Amino acid sequence: MSVRVRFAPSPTGSLHVGGLRTALYNYLFARRHNGVCVLRIEDTDQTRLVENATENIIEALNWAGIGFDESPVAEGPYGPYVQSQRLDIYAEHAKLLLDNGAAYYAFDTAEELDQMRERQKQAGVVPRYDRSIMRNQYTLGEEETQRLLDESVPFVVRLKVPLTGDIRVHDIVRGEIVVQAREVDDQVLMKSDGFPTYHLANVVDDHMMRITHVIRGEEWLPSTPKHVLLYQAFGWEMPQFAHLPLLLNPDRSKLSKRQGDVSVEDYRLKGYMPEALVNFVALLGWNPTSDREIFSMQDLIDTFDLAKVNKAGAVFDVQKLDWVNSQYMRSASPEEQVETLLAELHKRGYGNIGNEYAAHLIELFRERVHRASEIPDFAPYMFAPPEHFDEQYKLQYGGEDLQQLVSGLIPKFMLMEEFTATAVQQIAKEHSKEEGVKMGQIINPLRLMLTGKPVGAGIFETMELLGKEECIRRIQDFTA
RNA sequence: GGCCCCUUCGUCUAGUGGUUAGGACACCGCCCUUUCACGGCGGCAGCAGGGGUUCGAGUCCCCUAGGGGUCACCA
């Protein structure tokens, strides 16, 4: 049987980097085994829908280079791929369970459930739906149940979990997991608004969409026994499960907002390259070898192995991400980064920067920054004359010798026709020889006057990019 | 708190009974050098603890500790 996997986000916000990792592993696994990767939108909670969330998630996935064979925007044989469009299917299946005794009607109100839980808490027992005393078809009787249904009294459908026995689940990542049935709650399957809960919809869809491997986050592990029970109640073959370790904050709690950026969109906006984010995130929880850090999507596909996924959570270390991004930045062509730089400049209100100039900037600074978007901070003087001059640097190189240097150099610069890095360097070298001063005594003062900062790219390359007029103007302004 | 999962350098990890416990990021030092970077070389640093099993345990078992997840008509 050919492999079919799915990534099933709910459209409640932007795509989380943890979600990206889950989507990626599904994608890699599918591609590795020449299988099919499905994108399914789980929008069964009408109260949490966020406008455009589905579009944003798909866009983020596209940006990352993760493609789907079947999705809401690429219909396949098992659609629709949006759960809110499959309501009749779930109702039908709930009926099936009701008929074979695996599920039952319950009429309790939210208040009644709260009271039940409160009583259980007081009594020191674990809160769980008590079907022997609450208002459901067992306590009410067939006749009363029918009457309530006829009167359209709101109801839910609950899973009838066995009171005894063990539930076993085999997980590809974790091995055998055993839970006692009495620890499992009578999960609501159909809500009173007629929508299914995740548990029902997920099992029904995975079965109907012929999913062979359920690859999802570890947070789903505790509810997997309910899913197992559902497969059994339907008499369906179970898919294989693989629960992925969580992505963690530096303090090892589940990766969350408030402790940094968590959405793919955040990283895109910060200027990270999609290849770098994917590469970095792929290696959080899985590693093909460990003697290499840089992997293209194809490399990842060729080496991906679910069985080698780690069990423990992985801290999302932004410093490592920065390094990975810097690696990609160096091997990519400057043109690829132009848009990122321009977007950042636009954000800061620097206008009139051309594509060609931007590409040159990237070429000049890419070994000194982690992202193209850092260039404005690293070298603000490339966009406007320096306003601040480093105090220490100024003390060291802005002294008396400077006037003499400038008066000797400026005329030479002015006579230049080709203001290229090599030409400027040539002039500087000649001057160094003639005047008997070290190159450092020329380069550093120039850097001070032109950039105001003691750090930067090669000064001659910087000057070429700045242009002859601008360089002369800055030198004159500084000494004025 | 109940249940479930997890535990190799600060971080990401390699390791599937016999290794001087390897690599990468970060950090530190040296070299290169036109500053800063890049690059090269080197350094710091780890098997949570305790019991077993075994000739031999990072690797297998048990316990403890610690961490995390989850306990909704949310996914």
# chains A, B, ... in the order shown; residues from 1 in each chain; ligands from 1
>>> residues_around(residues="segment 14-27 of chain A", least_positions_apart="5", cutoff="6 Å", atoms="only C-alpha atoms (C1' of nucleotides)", output="MDAnalysis selection string")
chainID A and resid 7 57 247 262:264 281
>>> residues_around(residues="Arg447 of chain A", least_positions_apart="3", cutoff="10 Å", atoms="only C-alpha atoms (C1' of nucleotides)", output="list in words")
Tyr393, Tyr397, Ile442, Ile443, Asn444, Leu450, Thr451, Gly452, Lys453, Pro454, Val455, Gly456, Ala457, Gly458, Ile459, Phe460, Thr462, Met463 and Ile475 of chain A; U35 of chain B
>>> residues_around(residues="Val406 of chain A", least_positions_apart="5", cutoff="10 Å", atoms="only C-alpha atoms (C1' of nucleotides)", output="PDB file with N, CA and C atoms, in the first residue's frame")
ATOM      1  N   ASP A 401      46.716  64.400  12.287  1.00  0.00           N
ATOM      2  CA  ASP A 401      47.219  63.855  11.021  1.00  0.00           C
ATOM      3  C   ASP A 401      46.151  63.830   9.939  1.00  0.00           C
ATOM      4  N   PRO A 411      42.596  65.743  -3.474  1.00  0.00           N
ATOM      5  CA  PRO A 411      42.867  66.129  -4.873  1.00  0.00           C
ATOM      6  C   PRO A 411      43.058  64.914  -5.761  1.00  0.00           C
ATOM      7  N   LYS A 412      43.697  63.914  -5.213  1.00  0.00           N
ATOM      8  CA  LYS A 412      43.925  62.705  -6.009  1.00  0.00           C
ATOM      9  C   LYS A 412      42.610  61.998  -6.327  1.00  0.00           C
ATOM     10  N   ILE A 442      45.873  55.308   6.757  1.00  0.00           N
ATOM     11  CA  ILE A 442      45.051  55.906   5.697  1.00  0.00           C
ATOM     12  C   ILE A 442      43.649  55.300   5.746  1.00  0.00           C
ATOM     13  N   PRO A 445      41.375  56.299   9.079  1.00  0.00           N
ATOM     14  CA  PRO A 445      40.767  57.632   9.032  1.00  0.00           C
ATOM     15  C   PRO A 445      39.671  57.714   7.971  1.00  0.00           C
ATOM     16  N   LEU A 446      39.916  57.072   6.836  1.00  0.00           N
ATOM     17  CA  LEU A 446      38.900  57.088   5.779  1.00  0.00           C
ATOM     18  C   LEU A 446      37.617  56.421   6.284  1.00  0.00           C
ATOM     19  N   ILE A 472      33.846  62.094  -1.342  1.00  0.00           N
ATOM     20  CA  ILE A 472      34.512  63.399  -1.213  1.00  0.00           C
ATOM     21  C   ILE A 472      33.685  64.330  -0.333  1.00  0.00           C
ATOM     22  N   ILE A 475      34.059  63.398   3.311  1.00  0.00           N
ATOM     23  CA  ILE A 475      35.373  63.763   3.846  1.00  0.00           C
ATOM     24  C   ILE A 475      35.419  65.267   4.105  1.00  0.00           C
ATOM     25  N   GLN A 476      34.872  66.020   3.169  1.00  0.00           N
ATOM     26  CA  GLN A 476      34.870  67.481   3.337  1.00  0.00           C
ATOM     27  C   GLN A 476      33.986  67.895   4.503  1.00  0.00           C
ATOM     28  N   THR A 479      35.757  67.280   7.839  1.00  0.00           N
ATOM     29  CA  THR A 479      36.872  68.161   8.178  1.00  0.00           C
ATOM     30  C   THR A 479      36.475  69.626   8.204  1.00  0.00           C
TER      31      THR A 479
END
>>> atom_distance(atom1="atom CA of Tyr381 of chain A", atom2="atom CA of Met414 of chain A")
21.2 Å
>>> interface_residues(of="chain B", to="chain A", cutoff="6 Å", atoms="only C-alpha atoms (C1' of nucleotides)", output="NGL selection string")
:B and (4 or 6 or 14 or 23 or 25 or 35-37 or 69-70 or 73)
>>> atom_distance(atom1="atom CA of Gly217 of chain A", atom2="atom CA of Asp305 of chain A")
16.4 Å
